[in-house]
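Scroll down for the structure; my scribbles are underneath it.
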Amino acid sequence: MIGNDIIDIAYTKKTTDWQRRGFLKKVFSDAEQDIISEAKDAFAAVWRLWSMKEAAYKSYLQKGGLPFNSPARIAIKLTDTTFGSAEIGEFYQELRTDQADDYIASYTQPPAELKQVNQVFNLSKNDPATQSAETRKVLIQRLAQDYHLEEKELSISKNLPGPPELYLGKQKLKIAFSMSHHGVFGVFSFLD
Amino acid sequence: MTEKEALIAELREIIKPYVQDQEAFENLSEETHFITDLKINSANLVDIILDTEDKYNIEIDNESMDKMSDVKSAMEVIKDKLAAKG
C-alpha cells in the first residue's frame, strides 16, 4: 500500500485560510492541535499534518478502506521532524515528510524489503484542466523507462474516489503507485 | 421556486468559490459530486462545511461530513440539521 500528498506552499497561502474560525477543530484532534500550537512555524505544522493524513488516506483506500470526507478520523503521531504515523480505526501507516522551501510532501513508508521511488516535479501550469493528466503522463514516462515498457501502451485509469489503476494495454499491472498534484507541483511514488 | 430548488441555489453560492471545474459547475445537478465532478480540493471541502455551518447556523459533525459527497447528500444533511434545530 502506498500514498503521497504534496502541498504547494504559495498556492495554499492563496487558497486556504487555516486560521479561519473552526478550521483546525474540523480537521485536527486535540493532540494534533497541541502540536500546531506548540510549533515554531504553525503553518508548516498544519500542512505537514494535513499532507500526512492525505497520504495515509490514499494508502487506506488501496487497502480497500471505504471513502470518507472527515480528516479528523485520521489520527497522526509525530516521531521526529521527518517521521510519523497515521491511524484510521484499525488501519496503521508509517509516514515521512519532506519539507522544502516551496512545498511540503508526505509519503507512506515502504515495507523494509521494498524500495520506494518518490519524485516531486514542476507542472507546466497550475491549471485544474491539465494537472491531473500531466501528472499521470510524467509517472507513465518514468515507469516506461524503468520497466522497459512501451509508453504508448501504458495508461492510468481514474476510479475516483477510489485509487487509480495502471494498465499495459488491457492488462492491469501490479505496480503499487500513488500520485498527487497541487498548485504548480506534482509528485509520484511507486514501489520498486 | 420550490424549497428544493431554493436549497440547491443556496448551495451553489456556497460551493462556487471553491470549484475547479467550471463546466461541471454550470451543469450542476443533485448528482454532482464535489470531488470527482467539481474537482474541489479536500482543504476547500472543509471550507464548504464551515461555510454551510455559518449560513444555516448548524453544526455538521464528522459523521455528517462523511455523508456530504455530492449535492444531494449535502442537501439532506442540511435539511436534517435544520429539522433537528426545530
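Chain identifiers are assigned as A, B, and so on, following the order in which chains appear in the C-alpha cells; residues are numbered from 1 within each chain, and ligands are numbered from 1 in order of appearance.
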Close residues, range 10-22 of chain B itself excluded, 9 Å, only C-alpha atoms, min 6 positions apart in chain, as a PyMOL selection string = (chain A and resi 15+127-129) or (chain B and resi 28+34+37-41+44-45+47-48+51-52+55+71+74-75)
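For chain A, the residues close to chain B, meaning within 8 Å and counting only C-alpha atoms, are Thr16, Gly22, Phe23, Lys26, Val27, Phe68, Asn69, Ser70, Ala72, Arg73, Pro128, Ala129, Leu160 and Pro161 of chain A.
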Chain B: residues DSSP assigns to helix (DSSP H, G or I), reported as a PyMOL selection string = chain B and resi 3-18+22-26+42-56+62-67+71-85
Taking into account only C-alpha atoms, which residue in the set B:Phe25, B:Ile58, B:Met1, B:Glu31 is nearest to Lys79 in chain B?
->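 Selected residue with least distance to Lys79 in chain B: B:Ile58.
A straight line drawn from CA of Phe188 in chain A to CA of Ser85 in chain A is 19.8 Å long.
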Looking at only C-alpha atoms, which of B:Glu3, B:Asp80, B:Glu30, B:Glu23 is the one that sits closest to Tyr56 in chain B?
->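 Using only C-alpha atoms, the shortest distance to Tyr56 in chain B belongs to B:Asp80.
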Compare A:Val120, A:Ile9, A:Leu95, A:Leu154 by their minimum atom-to-atom distance to Leu78 in chain A, counting only C-alpha atoms, and give me the closest one.
->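 The answer is A:Leu95, which sits nearest to Leu78 in chain A.
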Once DSSP has gone over the backbone, tell me which residues of range 63-119 of chain A are in strand (DSSP E), as a ChimeraX atom specification.
-> /A:75-78,83-88,91-99,103-108,116-119
In Å, how far is it from CA of Met52 in chain A to CA of Glu38 in chain A?
-> 18.2 Å
Could you state the separation of CA of Phe177 in chain A and CA of Phe28 in chain A in Å, given to one decimal place?
->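 Rounded to one decimal, the two atoms are 27.0 Å apart.
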Surrounding residues of Ile175 in chain A excluding itself and chain neighbours under 4 positions, 10 Å, only C-alpha atoms, as an mmCIF file with C-alpha atoms, in the first residue's frame:
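Contents of out.cif, freshly written:
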```cif
data_model
loop_
_atom_site.group_PDB
_atom_site.id
_atom_site.type_symbol
_atom_site.label_atom_id
_atom_site.label_comp_id
_atom_site.auth_asym_id
_atom_site.auth_seq_id
_atom_site.Cartn_x
_atom_site.Cartn_y
_atom_site.Cartn_z
ATOM 1 C CA LEU A 143 7.564 3.698 -15.420
ATOM 2 C CA GLU A 165 -5.015 1.647 -11.602
ATOM 3 C CA LEU A 166 -2.196 1.106 -14.082
ATOM 4 C CA TYR A 167 -2.714 -0.775 -17.357
ATOM 5 C CA PHE A 190 5.908 3.741 -6.711
ATOM 6 C CA LEU A 191 7.224 0.565 -5.106
ATOM 7 C CA ASP A 192 10.144 -0.962 -6.965
#
```
